[in-house]
Amino acid sequence: MTELFKDYGIEITDDKLSKFEKYYKLLIEYNNKFNITAITEKKEVYLKHFIDSILGLEFIENGSLIDIGSGGGFPAIPLKILNEELDVTLMEATGKKCEFLNVVINSLGLKNIRVINGRAEEIAKDDNYREKFAYCTARAVARLNTLCEYCIPFVKKGGYFVAFKGDATDELKEGLNAIKVLGGEVDKVKEYDLDGAKRTLIKIKKIGVTDKKYPRGQGKERKNPL
């Protein structure tokens with residue numbers, strides 16, 4: 001798979017390649033029990049999960065990172081494998097997926113990474129997590145206007161929320177008000193092709209404090225987006 005990484009400009013050591021191989025095997029093993037991903041063919045997993053996640057590294061430097069709705073660990077675990085200096089918190093609402101994430105962390109010997117079983121709209125109200133992180137990431141969780149309300153409250157002023165999206169042209173337009181209301185501004189947008197599919201990275205800078213009433217909870221983020 002080394003060549004596949006190289007095709008996307010990713011230099012990878014044998015040690016890191018070995019970690020991805022273990023990760024893939026665990027994903028397939030636990031997928032039968034926990035229904036983690038519909039993508040199971042090896043090359044597809046490497047492309048659409050591992051490489052897609054890693055391509056966000058250009059928007060993320062060292063520091064604390066919280067990943068919202070981690071699921072199978074994307075994008076945060078691939079980011080952590082490539083950049084061991086990241087201090088990572090994985091947040092996932094489904095207990096079985098949390099179990100899987102802990103198995104991956106232990107099997108790969110990853111340090112300074114932990115799993116929280118909970119929902120963003122609840123944990124964002126906790127002062128131990130609210131506006132405490134240099135970075136927040138999310139992938140395949142919700143449309144951008146909803147996603148921002150879940151994620152931006154976790155980011156400290158001067159930090160960044162990085163959203164991993166598909167074709168986000170319309171989402172970005174409809175999300176601008178939410179970004180502004182929550183104390184952010186669009187910093188960078190990068191569009192790229194991933195094996196014929198359009199992908200978008202949206203980097204949002206936190207320039208103000210998020211009003212404590214956000215996220216609103218009780219499903220309002222999805223039913224009535226900002």
# chains A, B, ... in the order shown; residues from 1 in each chain; ligands from 1
$ residues_around --residues "Glu92 of chain A" --least-positions-apart "4" --cutoff "7 Å" --atoms "only C-alpha atoms" --output "short mmCIF file (atom, residue, chain, number, x, y, z; two decimals) with N, CA, C and O atoms, in the first residue's frame"
data_model
loop_
_atom_site.label_atom_id
_atom_site.label_comp_id
_atom_site.auth_asym_id
_atom_site.auth_seq_id
_atom_site.Cartn_x
_atom_site.Cartn_y
_atom_site.Cartn_z
N ILE A 68 -15.21 14.64 16.80
CA ILE A 68 -16.63 14.48 17.15
C ILE A 68 -17.28 13.42 16.27
O ILE A 68 -17.17 13.45 15.05
N GLY A 69 -17.96 12.47 16.92
CA GLY A 69 -18.60 11.38 16.17
C GLY A 69 -17.58 10.49 15.49
O GLY A 69 -17.67 10.22 14.29
N SER A 70 -16.63 10.00 16.28
CA SER A 70 -15.45 9.31 15.71
C SER A 70 -15.79 8.04 14.94
O SER A 70 -15.08 7.69 14.00
N GLY A 71 -16.83 7.32 15.33
CA GLY A 71 -17.19 6.10 14.61
C GLY A 71 -16.07 5.09 14.61
O GLY A 71 -15.66 4.57 15.64
N CYS A 98 -17.08 2.76 20.79
CA CYS A 98 -16.06 3.18 21.76
C CYS A 98 -15.18 1.99 22.14
O CYS A 98 -13.96 2.13 22.29
N ILE A 116 -14.09 9.13 24.72
CA ILE A 116 -15.22 9.56 25.56
C ILE A 116 -16.50 9.02 24.93
O ILE A 116 -16.76 9.23 23.75
N ASN A 117 -17.30 8.32 25.73
CA ASN A 117 -18.59 7.84 25.28
C ASN A 117 -19.64 8.90 25.63
O ASN A 117 -19.99 9.07 26.80
N GLY A 118 -20.09 9.65 24.64
CA GLY A 118 -21.06 10.70 24.91
C GLY A 118 -21.46 11.44 23.65
O GLY A 118 -20.95 11.18 22.56
N ARG A 119 -22.38 12.38 23.82
CA ARG A 119 -22.90 13.17 22.71
C ARG A 119 -22.36 14.59 22.81
O ARG A 119 -22.28 15.18 23.90
#
$ closest_atom_pairs --of "segment 3-53 of chain A" --to "segment 57-63 of chain A" --cutoff "12 Å" --atoms "only C-alpha atoms" --output "JSON lines"
{"residue": "A:Gly9", "atom": "CA", "partner": "A:Glu58", "partner_atom": "CA", "distance": 11.5}
{"residue": "A:Ile10", "atom": "CA", "partner": "A:Leu57", "partner_atom": "CA", "distance": 10.3}
{"residue": "A:Phe50", "atom": "CA", "partner": "A:Leu57", "partner_atom": "CA", "distance": 11.8}
{"residue": "A:Ile51", "atom": "CA", "partner": "A:Leu57", "partner_atom": "CA", "distance": 10.3}
{"residue": "A:Asp52", "atom": "CA", "partner": "A:Leu57", "partner_atom": "CA", "distance": 10.0}
{"residue": "A:Ser53", "atom": "CA", "partner": "A:Leu57", "partner_atom": "CA", "distance": 7.9}
$ closest_residue --among "A:Tyr30, A:Tyr150, A:Phe133, A:Phe164" --to "Phe74 of chain A" --atoms "only C-alpha atoms"
A:Phe164
$ atom_distance --atom1 "atom CA of Glu221 of chain A" --atom2 "atom CA of Ala142 of chain A"
9.7 Å
$ residues_around --residues "Asn102 of chain A" --least-positions-apart "4" --cutoff "12 Å" --atoms "only C-alpha atoms" --output "VMD selection string"
chain A and resid 23 26 30 70 to 73 77 89 to 92 95 to 98 106 to 111 113 to 117
$ closest_residue --among "A:Arg143, A:Lys205, A:Lys220, A:His49" --to "Leu182 of chain A" --atoms "only C-alpha atoms"
A:Lys205
$ select_by_dssp --residues "segment 133-222 of chain A" --states "alpha helix (DSSP H)" --output "list of chain:residue names"
A:Leu144, A:Asn145, A:Thr146, A:Leu147, A:Cys148, A:Glu149, A:Tyr150, A:Cys151, A:Thr169, A:Asp170, A:Glu171, A:Leu172, A:Lys173, A:Glu174, A:Gly175, A:Leu176, A:Asn177, A:Ala178, A:Ile179, A:Lys180, A:Val181, A:Lys220, A:Glu221, A:Arg222
$ select_by_dssp --residues "chain A" --states "strand (DSSP E)" --output "compact mmCIF listing (two decimals) with all heavy atoms, in the first residue's frame"
# COMPACT_ATOMS: atom_id res chain seq x y z
N SER A 64 -3.77 19.95 20.99
CA SER A 64 -4.90 19.12 21.42
C SER A 64 -5.97 19.09 20.33
O SER A 64 -6.27 20.09 19.69
CB SER A 64 -5.49 19.68 22.71
OG SER A 64 -5.89 21.03 22.53
N LEU A 65 -6.54 17.91 20.14
CA LEU A 65 -7.55 17.72 19.09
C LEU A 65 -8.68 16.88 19.64
O LEU A 65 -8.45 15.84 20.28
CB LEU A 65 -6.92 17.05 17.87
CG LEU A 65 -7.82 16.78 16.66
CD1 LEU A 65 -6.98 16.81 15.37
CD2 LEU A 65 -8.55 15.44 16.75
N ILE A 66 -9.91 17.31 19.41
CA ILE A 66 -11.07 16.49 19.73
C ILE A 66 -11.79 16.15 18.44
O ILE A 66 -11.99 17.00 17.57
CB ILE A 66 -12.02 17.20 20.73
CG1 ILE A 66 -13.14 16.23 21.17
CG2 ILE A 66 -12.59 18.51 20.19
CD1 ILE A 66 -13.92 16.69 22.39
N ASP A 67 -12.14 14.87 18.30
CA ASP A 67 -12.81 14.38 17.10
C ASP A 67 -14.25 14.02 17.48
O ASP A 67 -14.48 13.21 18.38
CB ASP A 67 -12.07 13.14 16.58
CG ASP A 67 -12.61 12.66 15.25
OD1 ASP A 67 -12.84 13.50 14.36
OD2 ASP A 67 -12.80 11.44 15.09
N ILE A 68 -15.21 14.64 16.80
CA ILE A 68 -16.63 14.48 17.15
C ILE A 68 -17.28 13.42 16.27
O ILE A 68 -17.17 13.45 15.05
CB ILE A 68 -17.38 15.82 16.98
CG1 ILE A 68 -16.70 16.93 17.81
CG2 ILE A 68 -18.85 15.67 17.37
CD1 ILE A 68 -16.61 16.67 19.28
N ASP A 87 -2.36 15.41 20.71
CA ASP A 87 -3.03 14.89 21.90
C ASP A 87 -4.51 14.78 21.54
O ASP A 87 -5.18 15.80 21.33
CB ASP A 87 -2.83 15.84 23.08
CG ASP A 87 -3.39 15.25 24.36
OD1 ASP A 87 -4.61 15.36 24.58
OD2 ASP A 87 -2.61 14.67 25.12
N VAL A 88 -5.01 13.56 21.45
CA VAL A 88 -6.30 13.32 20.80
C VAL A 88 -7.36 12.81 21.77
O VAL A 88 -7.12 11.92 22.59
CB VAL A 88 -6.13 12.30 19.64
CG1 VAL A 88 -7.49 11.95 19.02
CG2 VAL A 88 -5.21 12.86 18.57
N THR A 89 -8.55 13.39 21.64
CA THR A 89 -9.75 12.90 22.35
C THR A 89 -10.77 12.49 21.30
O THR A 89 -11.13 13.28 20.43
CB THR A 89 -10.34 14.01 23.24
OG1 THR A 89 -9.37 14.40 24.22
CG2 THR A 89 -11.60 13.52 23.95
N LEU A 90 -11.21 11.24 21.38
CA LEU A 90 -12.21 10.72 20.46
C LEU A 90 -13.56 10.71 21.17
O LEU A 90 -13.70 10.13 22.24
CB LEU A 90 -11.86 9.28 20.04
CG LEU A 90 -10.49 9.05 19.41
CD1 LEU A 90 -10.21 7.56 19.30
CD2 LEU A 90 -10.42 9.69 18.03
N MET A 91 -14.55 11.36 20.59
CA MET A 91 -15.89 11.37 21.17
C MET A 91 -16.85 10.58 20.30
O MET A 91 -16.97 10.85 19.10
CB MET A 91 -16.40 12.80 21.33
CG MET A 91 -17.75 12.87 22.03
SD MET A 91 -18.37 14.55 22.13
CE MET A 91 -17.11 15.28 23.14
N GLU A 92 -17.49 9.59 20.90
CA GLU A 92 -18.41 8.72 20.16
C GLU A 92 -19.59 8.35 21.05
O GLU A 92 -19.42 8.00 22.22
CB GLU A 92 -17.66 7.45 19.69
CG GLU A 92 -18.53 6.36 19.12
CD GLU A 92 -19.40 6.81 17.96
OE1 GLU A 92 -18.92 7.55 17.08
OE2 GLU A 92 -20.59 6.45 17.96
N ILE A 113 -3.97 9.55 23.77
CA ILE A 113 -5.22 9.47 23.03
C ILE A 113 -6.23 8.72 23.89
O ILE A 113 -5.88 7.75 24.55
CB ILE A 113 -5.03 8.78 21.65
CG1 ILE A 113 -6.37 8.70 20.88
CG2 ILE A 113 -4.38 7.42 21.78
CD1 ILE A 113 -6.22 8.28 19.43
N ARG A 114 -7.47 9.21 23.93
CA ARG A 114 -8.48 8.64 24.82
C ARG A 114 -9.86 8.69 24.15
O ARG A 114 -10.06 9.43 23.18
CB ARG A 114 -8.53 9.41 26.14
CG ARG A 114 -9.01 10.84 25.99
CD ARG A 114 -8.34 11.83 26.91
NE ARG A 114 -6.91 11.81 26.87
CZ ARG A 114 -6.17 12.54 26.01
NH1 ARG A 114 -6.77 13.27 25.06
NH2 ARG A 114 -4.86 12.50 26.06
N VAL A 115 -10.78 7.92 24.69
CA VAL A 115 -12.13 7.82 24.13
C VAL A 115 -13.16 8.29 25.16
O VAL A 115 -13.09 7.91 26.32
CB VAL A 115 -12.45 6.37 23.72
CG1 VAL A 115 -13.85 6.28 23.12
CG2 VAL A 115 -11.41 5.84 22.74
N ILE A 116 -14.09 9.13 24.72
CA ILE A 116 -15.22 9.56 25.56
C ILE A 116 -16.50 9.02 24.93
O ILE A 116 -16.76 9.23 23.75
CB ILE A 116 -15.33 11.09 25.63
CG1 ILE A 116 -14.08 11.70 26.24
CG2 ILE A 116 -16.54 11.50 26.43
CD1 ILE A 116 -14.10 13.21 26.20
N ASN A 117 -17.30 8.32 25.73
CA ASN A 117 -18.59 7.84 25.28
C ASN A 117 -19.64 8.90 25.63
O ASN A 117 -19.99 9.07 26.80
CB ASN A 117 -18.91 6.50 25.97
CG ASN A 117 -20.20 5.86 25.47
OD1 ASN A 117 -20.70 4.93 26.08
ND2 ASN A 117 -20.74 6.34 24.36
N PHE A 133 -9.86 23.05 23.20
CA PHE A 133 -9.06 22.35 22.21
C PHE A 133 -8.54 23.27 21.10
O PHE A 133 -9.23 24.18 20.65
CB PHE A 133 -9.87 21.22 21.57
CG PHE A 133 -10.25 20.14 22.55
CD1 PHE A 133 -11.43 20.25 23.29
CD2 PHE A 133 -9.43 19.05 22.76
CE1 PHE A 133 -11.78 19.27 24.21
CE2 PHE A 133 -9.77 18.06 23.68
CZ PHE A 133 -10.95 18.18 24.40
N ALA A 134 -7.30 22.98 20.68
CA ALA A 134 -6.70 23.73 19.57
C ALA A 134 -7.37 23.36 18.24
O ALA A 134 -7.49 24.20 17.34
CB ALA A 134 -5.20 23.45 19.49
N TYR A 135 -7.82 22.10 18.16
CA TYR A 135 -8.46 21.63 16.93
C TYR A 135 -9.67 20.76 17.26
O TYR A 135 -9.68 20.03 18.24
CB TYR A 135 -7.49 20.79 16.08
CG TYR A 135 -6.31 21.56 15.57
CD1 TYR A 135 -5.10 21.54 16.26
CD2 TYR A 135 -6.39 22.32 14.40
CE1 TYR A 135 -4.01 22.27 15.80
CE2 TYR A 135 -5.31 23.03 13.93
CZ TYR A 135 -4.12 23.01 14.63
OH TYR A 135 -3.05 23.72 14.18
N CYS A 136 -10.66 20.86 16.39
CA CYS A 136 -11.78 19.93 16.41
C CYS A 136 -11.94 19.40 14.99
O CYS A 136 -11.82 20.17 14.03
CB CYS A 136 -13.07 20.62 16.87
SG CYS A 136 -14.52 19.54 16.88
N THR A 137 -12.18 18.10 14.87
CA THR A 137 -12.42 17.52 13.54
C THR A 137 -13.73 16.75 13.55
O THR A 137 -14.20 16.29 14.60
CB THR A 137 -11.29 16.55 13.14
OG1 THR A 137 -11.12 15.55 14.16
CG2 THR A 137 -9.98 17.28 12.91
N ALA A 138 -14.32 16.60 12.38
CA ALA A 138 -15.52 15.79 12.22
C ALA A 138 -15.62 15.37 10.76
O ALA A 138 -15.29 16.14 9.86
CB ALA A 138 -16.76 16.55 12.65
N ARG A 139 -16.10 14.16 10.55
CA ARG A 139 -16.21 13.61 9.21
C ARG A 139 -17.49 12.77 9.12
O ARG A 139 -17.71 11.90 9.94
CB ARG A 139 -14.97 12.75 8.93
CG ARG A 139 -14.91 12.07 7.59
CD ARG A 139 -13.58 11.32 7.49
NE ARG A 139 -13.44 10.60 6.24
CZ ARG A 139 -13.74 9.32 6.09
NH1 ARG A 139 -14.21 8.62 7.11
NH2 ARG A 139 -13.58 8.73 4.93
N VAL A 155 -13.81 24.37 20.57
CA VAL A 155 -12.56 25.00 20.11
C VAL A 155 -12.27 26.26 20.91
O VAL A 155 -13.15 27.11 21.09
CB VAL A 155 -12.65 25.34 18.61
CG1 VAL A 155 -11.34 25.95 18.13
CG2 VAL A 155 -12.98 24.09 17.79
N LYS A 156 -11.04 26.39 21.38
CA LYS A 156 -10.65 27.61 22.10
C LYS A 156 -10.40 28.74 21.10
O LYS A 156 -10.15 28.50 19.92
CB LYS A 156 -9.41 27.35 22.96
CG LYS A 156 -8.16 26.96 22.21
CD LYS A 156 -7.05 26.61 23.20
CE LYS A 156 -5.78 26.17 22.50
NZ LYS A 156 -4.72 25.77 23.47
N LYS A 157 -10.47 29.95 21.60
CA LYS A 157 -10.25 31.12 20.74
C LYS A 157 -8.84 31.03 20.13
O LYS A 157 -7.86 30.78 20.83
CB LYS A 157 -10.39 32.40 21.56
CG LYS A 157 -10.43 33.66 20.72
CD LYS A 157 -10.75 34.88 21.57
CE LYS A 157 -10.75 36.15 20.73
NZ LYS A 157 -11.05 37.34 21.56
N GLY A 158 -8.77 31.22 18.82
CA GLY A 158 -7.51 31.07 18.11
C GLY A 158 -7.30 29.68 17.55
O GLY A 158 -6.36 29.45 16.78
N GLY A 159 -8.17 28.74 17.94
CA GLY A 159 -8.09 27.37 17.44
C GLY A 159 -8.91 27.19 16.16
O GLY A 159 -9.44 28.16 15.60
N TYR A 160 -9.04 25.94 15.72
CA TYR A 160 -9.68 25.68 14.44
C TYR A 160 -10.60 24.46 14.48
O TYR A 160 -10.30 23.46 15.12
CB TYR A 160 -8.61 25.42 13.36
CG TYR A 160 -7.70 26.58 13.11
CD1 TYR A 160 -6.51 26.71 13.81
CD2 TYR A 160 -8.04 27.56 12.17
CE1 TYR A 160 -5.67 27.79 13.59
CE2 TYR A 160 -7.20 28.64 11.94
CZ TYR A 160 -6.02 28.75 12.66
OH TYR A 160 -5.20 29.82 12.44
N PHE A 161 -11.70 24.58 13.76
CA PHE A 161 -12.55 23.42 13.46
C PHE A 161 -12.28 23.04 12.01
O PHE A 161 -12.40 23.88 11.11
CB PHE A 161 -14.03 23.77 13.66
CG PHE A 161 -14.99 22.79 13.06
CD1 PHE A 161 -14.78 21.41 13.17
CD2 PHE A 161 -16.11 23.22 12.38
CE1 PHE A 161 -15.66 20.51 12.62
CE2 PHE A 161 -17.01 22.32 11.83
CZ PHE A 161 -16.77 20.97 11.94
N VAL A 162 -11.91 21.79 11.77
CA VAL A 162 -11.65 21.30 10.41
C VAL A 162 -12.72 20.27 10.06
O VAL A 162 -12.80 19.20 10.67
CB VAL A 162 -10.25 20.68 10.29
CG1 VAL A 162 -10.00 20.22 8.85
CG2 VAL A 162 -9.17 21.69 10.71
N ALA A 163 -13.55 20.61 9.07
CA ALA A 163 -14.62 19.73 8.63
C ALA A 163 -14.18 18.97 7.38
O ALA A 163 -13.70 19.58 6.42
CB ALA A 163 -15.88 20.54 8.34
N PHE A 164 -14.36 17.66 7.40
CA PHE A 164 -14.04 16.80 6.26
C PHE A 164 -15.35 16.50 5.54
O PHE A 164 -16.22 15.82 6.07
CB PHE A 164 -13.42 15.49 6.75
CG PHE A 164 -12.02 15.62 7.33
CD1 PHE A 164 -11.81 16.33 8.51
CD2 PHE A 164 -10.94 15.02 6.72
CE1 PHE A 164 -10.54 16.43 9.06
CE2 PHE A 164 -9.65 15.11 7.26
CZ PHE A 164 -9.46 15.83 8.43
N LYS A 165 -15.49 17.02 4.31
CA LYS A 165 -16.75 16.91 3.59
C LYS A 165 -16.55 16.37 2.18
O LYS A 165 -15.43 16.28 1.68
CB LYS A 165 -17.42 18.29 3.50
CG LYS A 165 -17.58 19.04 4.81
CD LYS A 165 -18.54 18.37 5.77
CE LYS A 165 -19.95 18.34 5.29
NZ LYS A 165 -20.89 17.73 6.28
N GLY A 184 -16.96 31.92 14.72
CA GLY A 184 -15.92 31.48 13.79
C GLY A 184 -15.90 32.28 12.50
O GLY A 184 -16.78 33.11 12.26
N GLU A 185 -14.88 32.03 11.71
CA GLU A 185 -14.82 32.57 10.36
C GLU A 185 -14.08 31.55 9.49
O GLU A 185 -13.19 30.83 9.97
CB GLU A 185 -14.11 33.92 10.30
CG GLU A 185 -12.63 33.88 10.65
CD GLU A 185 -11.95 35.24 10.50
OE1 GLU A 185 -12.65 36.24 10.30
OE2 GLU A 185 -10.70 35.29 10.56
N VAL A 186 -14.45 31.48 8.22
CA VAL A 186 -13.79 30.55 7.30
C VAL A 186 -12.36 31.01 7.06
O VAL A 186 -12.12 32.14 6.66
CB VAL A 186 -14.56 30.44 5.96
CG1 VAL A 186 -13.82 29.51 5.01
CG2 VAL A 186 -15.98 29.92 6.20
N ASP A 187 -11.42 30.11 7.33
CA ASP A 187 -10.00 30.42 7.16
C ASP A 187 -9.49 29.93 5.82
O ASP A 187 -8.88 30.68 5.07
CB ASP A 187 -9.20 29.77 8.30
CG ASP A 187 -7.73 30.12 8.26
OD1 ASP A 187 -7.40 31.29 8.50
OD2 ASP A 187 -6.90 29.23 7.97
N LYS A 188 -9.73 28.66 5.52
CA LYS A 188 -9.28 28.08 4.25
C LYS A 188 -10.26 27.01 3.80
O LYS A 188 -10.90 26.36 4.62
CB LYS A 188 -7.89 27.44 4.39
CG LYS A 188 -6.76 28.41 4.65
CD LYS A 188 -5.44 27.67 4.82
CE LYS A 188 -4.31 28.64 5.13
NZ LYS A 188 -3.02 27.93 5.39
N VAL A 189 -10.35 26.85 2.49
CA VAL A 189 -11.14 25.76 1.91
C VAL A 189 -10.28 25.09 0.84
O VAL A 189 -9.71 25.77 -0.02
CB VAL A 189 -12.45 26.28 1.26
CG1 VAL A 189 -13.22 25.12 0.62
CG2 VAL A 189 -13.32 26.99 2.29
N LYS A 190 -10.17 23.78 0.92
CA LYS A 190 -9.41 23.05 -0.09
C LYS A 190 -10.28 21.97 -0.70
O LYS A 190 -10.86 21.16 0.02
CB LYS A 190 -8.15 22.41 0.52
CG LYS A 190 -7.33 21.65 -0.53
CD LYS A 190 -6.07 21.04 0.03
CE LYS A 190 -5.32 20.30 -1.07
NZ LYS A 190 -4.05 19.69 -0.58
N GLU A 191 -10.38 21.98 -2.02
CA GLU A 191 -11.11 20.94 -2.73
C GLU A 191 -10.10 20.04 -3.44
O GLU A 191 -9.09 20.51 -3.96
CB GLU A 191 -12.07 21.56 -3.75
CG GLU A 191 -13.17 22.40 -3.10
CD GLU A 191 -14.08 23.05 -4.12
OE1 GLU A 191 -13.65 23.19 -5.29
OE2 GLU A 191 -15.20 23.43 -3.75
N TYR A 192 -10.37 18.75 -3.43
CA TYR A 192 -9.46 17.83 -4.12
C TYR A 192 -10.23 16.60 -4.59
O TYR A 192 -11.37 16.36 -4.19
CB TYR A 192 -8.31 17.42 -3.20
CG TYR A 192 -8.71 16.77 -1.89
CD1 TYR A 192 -8.77 15.40 -1.76
CD2 TYR A 192 -9.03 17.55 -0.78
CE1 TYR A 192 -9.15 14.81 -0.56
CE2 TYR A 192 -9.40 16.98 0.42
CZ TYR A 192 -9.44 15.60 0.52
OH TYR A 192 -9.82 15.02 1.70
N ASP A 193 -9.59 15.85 -5.46
CA ASP A 193 -10.19 14.64 -6.01
C ASP A 193 -9.63 13.43 -5.28
O ASP A 193 -8.42 13.29 -5.13
CB ASP A 193 -9.89 14.55 -7.51
CG ASP A 193 -10.46 13.29 -8.13
OD1 ASP A 193 -9.76 12.25 -8.14
OD2 ASP A 193 -11.61 13.34 -8.60
N LEU A 194 -10.49 12.55 -4.83
CA LEU A 194 -10.07 11.32 -4.17
C LEU A 194 -10.66 10.15 -4.96
O LEU A 194 -11.82 9.81 -4.81
CB LEU A 194 -10.55 11.29 -2.72
CG LEU A 194 -10.06 10.08 -1.90
CD1 LEU A 194 -8.59 10.24 -1.55
CD2 LEU A 194 -10.88 9.93 -0.63
N ALA A 197 -13.81 11.04 -6.66
CA ALA A 197 -14.84 11.67 -5.83
C ALA A 197 -14.35 13.04 -5.35
O ALA A 197 -13.20 13.18 -4.96
CB ALA A 197 -15.19 10.79 -4.64
N LYS A 198 -15.23 14.03 -5.38
CA LYS A 198 -14.87 15.36 -4.91
C LYS A 198 -14.90 15.41 -3.39
O LYS A 198 -15.85 14.99 -2.76
CB LYS A 198 -15.83 16.41 -5.48
CG LYS A 198 -15.41 17.85 -5.16
CD LYS A 198 -16.32 18.86 -5.84
CE LYS A 198 -15.91 20.28 -5.50
NZ LYS A 198 -16.80 21.28 -6.12
N ARG A 199 -13.81 15.92 -2.81
CA ARG A 199 -13.70 16.05 -1.36
C ARG A 199 -13.37 17.50 -1.02
O ARG A 199 -12.74 18.20 -1.81
CB ARG A 199 -12.61 15.13 -0.81
CG ARG A 199 -12.81 13.66 -1.08
CD ARG A 199 -13.99 13.11 -0.31
NE ARG A 199 -13.77 13.20 1.14
CZ ARG A 199 -14.72 13.13 2.04
NH1 ARG A 199 -15.98 13.00 1.67
NH2 ARG A 199 -14.44 13.21 3.33
N THR A 200 -13.78 17.93 0.16
CA THR A 200 -13.55 19.31 0.58
C THR A 200 -13.11 19.34 2.05
O THR A 200 -13.72 18.69 2.89
CB THR A 200 -14.82 20.17 0.44
OG1 THR A 200 -15.38 20.00 -0.86
CG2 THR A 200 -14.52 21.64 0.67
N LEU A 201 -12.06 20.10 2.32
CA LEU A 201 -11.64 20.39 3.68
C LEU A 201 -11.99 21.84 3.98
O LEU A 201 -11.62 22.73 3.21
CB LEU A 201 -10.13 20.19 3.85
CG LEU A 201 -9.62 18.76 3.88
CD1 LEU A 201 -8.09 18.75 3.73
CD2 LEU A 201 -10.02 18.07 5.18
N ILE A 202 -12.70 22.08 5.06
CA ILE A 202 -13.08 23.44 5.45
C ILE A 202 -12.45 23.74 6.80
O ILE A 202 -12.74 23.08 7.79
CB ILE A 202 -14.61 23.58 5.53
CG1 ILE A 202 -15.25 23.21 4.18
CG2 ILE A 202 -14.99 25.02 5.92
CD1 ILE A 202 -16.75 23.06 4.23
N LYS A 203 -11.58 24.74 6.83
CA LYS A 203 -10.89 25.12 8.07
C LYS A 203 -11.50 26.41 8.58
O LYS A 203 -11.47 27.45 7.92
CB LYS A 203 -9.39 25.31 7.80
CG LYS A 203 -8.56 25.58 9.05
CD LYS A 203 -7.08 25.75 8.67
CE LYS A 203 -6.21 25.91 9.91
NZ LYS A 203 -4.79 26.15 9.55
N ILE A 204 -12.07 26.33 9.77
CA ILE A 204 -12.78 27.46 10.38
C ILE A 204 -12.01 27.91 11.61
O ILE A 204 -11.74 27.12 12.51
CB ILE A 204 -14.21 27.05 10.75
CG1 ILE A 204 -15.01 26.70 9.48
CG2 ILE A 204 -14.91 28.15 11.55
CD1 ILE A 204 -16.30 25.95 9.74
N LYS A 205 -11.66 29.18 11.66
CA LYS A 205 -10.92 29.73 12.80
C LYS A 205 -11.90 30.26 13.84
O LYS A 205 -12.89 30.91 13.52
CB LYS A 205 -9.98 30.84 12.36
CG LYS A 205 -9.10 31.36 13.50
CD LYS A 205 -8.05 32.34 13.00
CE LYS A 205 -7.13 32.77 14.14
NZ LYS A 205 -6.07 33.70 13.68
N LYS A 206 -11.60 29.98 15.10
CA LYS A 206 -12.42 30.48 16.22
C LYS A 206 -11.89 31.87 16.59
O LYS A 206 -10.77 32.01 17.10
CB LYS A 206 -12.30 29.52 17.40
CG LYS A 206 -13.19 29.85 18.60
CD LYS A 206 -14.64 29.46 18.34
CE LYS A 206 -15.49 29.56 19.61
NZ LYS A 206 -15.32 28.41 20.51
$ atom_distance --atom1 "atom CA of Ile207 of chain A" --atom2 "atom CA of Val181 of chain A"
11.0 Å
$ closest_residue --among "A:Leu176, A:Leu101, A:Leu4, A:Ile152" --to "Tyr129 of chain A" --atoms "only C-alpha atoms"
A:Ile152
$ closest_residue --among "A:Glu21, A:Glu44, A:Asp15, A:Glu121" --to "Gln218 of chain A" --atoms "only C-alpha atoms"
A:Glu121
